[in-house]
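The block underneath contains the structure these notes are about, expressed in structure tokens.
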Amino acid sequence: MAAHRAEAVTARGASAHGRARLLRRNIPLYVMFLPGIVFLLLFKYIPMGGLVIAFKEYNMYDGILGSPWVGMDNFNMLFNQMQTVTIIKNTLMLSVLSLVIGFPVPIALAIMLNEVRKAWFKKSVQTLLYLPHFFSWVIVSGIVLEIFSLESGVINHWITRLTGEPFPFLYEPGSWVAIFIGSGIWKEMGFSAIIYLAALTTIDPHQYESASLDGATKWQQIRYITIPGIMPTIVLLLILSVGKVMDVGFDPVFMLQNEVVSNVSNVISTYIYTFGLQRAQFSLTTAMGLFENLVGLILVLTANQIARKFNQELW
Amino acid sequence: MKDTFGDKVFYACNYGLLFLLSLTCLFPLLHIVSLSLSDSHSVMSGFVTIWPQGWSIESYRQLFVNTRILPAFGNSVLITVVGSAISMIATILTAYPLSRNYFIGRRFFTLAAVFTMMFSGGMIPHYLLMKQLDLINTYWSLWLPAAISVYNLLVLRTFFVNIPEEIEEAARMDGCGEWRMLLRIMLPLSLPALATLTLFYAVGYWNSFMSVLIYINETYKFNLTVLVQQMIRKQSVLTEMVYAQPDDVAEITGEGIKAAGIMVMIIPMLIVYPLLQRYFVKGVMLGSVKG
């Protein structure tokens with residue numbers, strides 16, 4: 001032991017020796033890190049390079065590098081076609097609605113759970129509400145389509161009994177959007193509440209005690225103690241969600257949509273899948289993907305800048 | 001301290017609302033269970049709510065006999081087990097160097113990884129790459145691009161960083177190299193984190209849908225999610241046709257089979273749910289530690 005320590009001291013003394021030692025220590029680290037480097041390069045950064053086909057007229061024969069350049073043609077086409085403009089609008093509409101309606105739900109849920117005094121009740125509610133998070137969208141969409149189905153769905157069964165006419169929930173744009181957003185909230189509300197529940201535990205219980213001694217009602221306590229107490233977490237998660245505004249998940253749209261509501265349900269990701277992969281319009285859809293990614297990147301960076309003003313920045 | 005009248009109203013509303021919310025999670029599940037266990041006549045007439053009508057396991061029999069659900073289940077297991085193993089090995093090996101402050105280029109590589117969370121090549125360039133690498137129709141196209149989730153990587157890196165330095169120094173004194181340090185010291189000390197991340201990856205692979213849809217074309221290689229989704233879709237086309245010609249209704253038992261298919265996906269999830277709930281909640285807390 002003593003010998004080792006002495007060696008360490010002399011190593012620190014001689015800086016050239018120290019540098020050699022540092023390099024030697026790094027060799028095994030780089031061996032470990034090799035798969036990581038290969039992964040990042042091959043599966044993250046090379047596809048980014050593949051984005052150049054957004055500025056080309058890609059064909060299989062010439063490949064990514066050989067295909068001819070076309071400048072901004074693909075982007076001009078995207079922003080001038082009715083169809084693609086509608087798709088961009090739909091993407092924004094669905095995600096902004098999901099954000100505005102869905103964001104407060106887990107906060108409210110966490111505050112409600114936090115006010116529950118009976119442990120068994122809290123635990124049972126949590127167990128049920130966390131569950132849908134683990135379900136794939138296939139399960140969730142299957143359940144939704146089953147329940148709201150026009151002819152055999154249980155809801156329409158009761159509506160038909162009451163009014164004589166089934167309601168085409170999945171075939172009306174308004175109700176489809178409501179179902180889409182509702183099922184997203186249903187799936188994630190419980191699980192998203194966890195992070196707020198964690199934040200709530202950091203609030204000092206003495207604050208509530210003295211507030212209620214001063215005669216503050218439950219509502220006032222929530223408004224003046226609870227919400228300010230978890231404000232940093234709220235801001236942080238809001239930033240994260242704003243950065244994801246362009247990114248309407250592929251799975252829920254793909255599984256819940258149908259031809260009748262395609263005017264509101266076609267979004268960027270489903271467009272790229274249908275036109276890019278199924279109809280081989282590689283360049284045009286890559287341009288769409290690049291646009292989506294760039295806007296997303298700008299949103300994240302801007303949101304972080306704004307957060308910095310409140311000292312809540314992520315980096 | 002006694003509750004005021006206002007407080008009592010508050011608690012009553014709170015409990016009531018939470019109870020109703022729980023029911024919105026419970027009833028759809030009971031409904032699907034009931035559909036899958038009812039006879040086709042009750043299913044089509046819409047009488048089934050949250051209790052099976054005219055008990056029958058015909059839907060399950062049809063599902064297992066007439067569809068490829070069993071091989072698809074096997075595929076899902078294979079994708080999940082091998083995928084999680086690959087991902088864990090890759091994540092551990094990458095996280096450890098990033099957690100060492102003497103790792104040259106640590107800041108650069110961390111930034112390079114974090115940047116990929118905010119910007120990516122997107123669907124088409126990834127597809128073209130897979131084609132170039134000749135991985136289409138192999139499960140490697142699912143495993144390799146998903147090998148490392150940067151989020152999980154950062155969680156594990158933070159966990160390694162937070163292991164007390166005294167332990168490492170003591171090991172170092174005994175002449176412990178980097179590999180032994182990782183395998184003998186760091187990994188045994190991070191078992192809870194490793195369990196959490198394994199579950200993160202496993203649930204991700206089990207539920208993987210879009211990548212299978214994109215990269216796998218041969219139907220016998222489909223996993224459960226894609227197979228069941230296609231069943232649901234085909235059936236709804238079928239029932240739309242039936243809606244136009246109500247005479248054929250008696251022929252169709254599709255809704256029950258669909259429900260049974262959904263159940264095959266739900267049941268494994270319910271079995272591991274206690275484990276998931278425990279570790280995922282921890283995982284969320286791990287992630288909230290700012291790295």
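Going by the structure tokens order, chains are called A, B, ..., each with residues numbered from 1, while ligands are numbered from 1 in the order shown.
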Legend entry - Selection near Ile79 in chain B, 10 Å with only C-alpha atoms, sequence-local residues under 5 positions removed, as a count of residues only: 12
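If you count only C-alpha atoms and ignore residues fewer than 6 places along the chain from Asn152 in chain B, what sits within 10 Å of it is Ser87, Met88, Thr91, Ile92, Ala95, Thr158, Ala193, Leu194, Thr196, Leu197, Thr198, Phe200, Tyr201, Gly283, Leu286 and Gly287 of chain B.
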Inset, instruction - May I ask which of the residues A:Gln305, A:Ser265, A:Ser152, A:Thr274 is the closest one to chain B, counting only C-alpha atoms? - result: A:Ser152
Inset, instruction - Rank B:Pro192, B:Gly256, B:Gly16, B:Pro145 by their smallest atom-to-atom distance to Val48 in chain B, using only C-alpha atoms, and report the top residue only. - result: B:Gly256
Inset, instruction - Take CA of Leu284 in chain A and CA of Pro47 in chain A and report the distance between them in Å, one decimal. - result: 16.0 Å
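Going from CA of Ala112 in chain B over to CA of Gly36 in chain A, you cover 11.0 Å.
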Inset, instruction - Please identify all polymer residues within 10 Å of range 172-183 of chain A, counting only C-alpha atoms, omitting same-chain residues fewer than 4 positions from it, and present them as a PyMOL selection string. - result: chain A and resi 93-95+97-99+101-102+132+137+140-141+143-145+148+167-168+187-189+252-253+256-258+260-265
Legend entry - helix (DSSP H, G or I) call set, DSSP backbone run, range 43-254 of chain A, as a ChimeraX atom specification: /A:43-55,63-66,73-80,82-102,104-114,119-134,137-148,154-163,169-171,173-200,205-213,218-243,250-254
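Taking only C-alpha atoms into account, Ala12 in chain B lies nearest to A:Glu115 out of the set A:Leu40, A:Val96, A:Pro104, A:Glu115.
Between chain A and the candidates B:Met231, B:Ile185, B:Val150, B:Ile124, the tightest atom-to-atom separation, counting only C-alpha atoms, involves B:Ile124.
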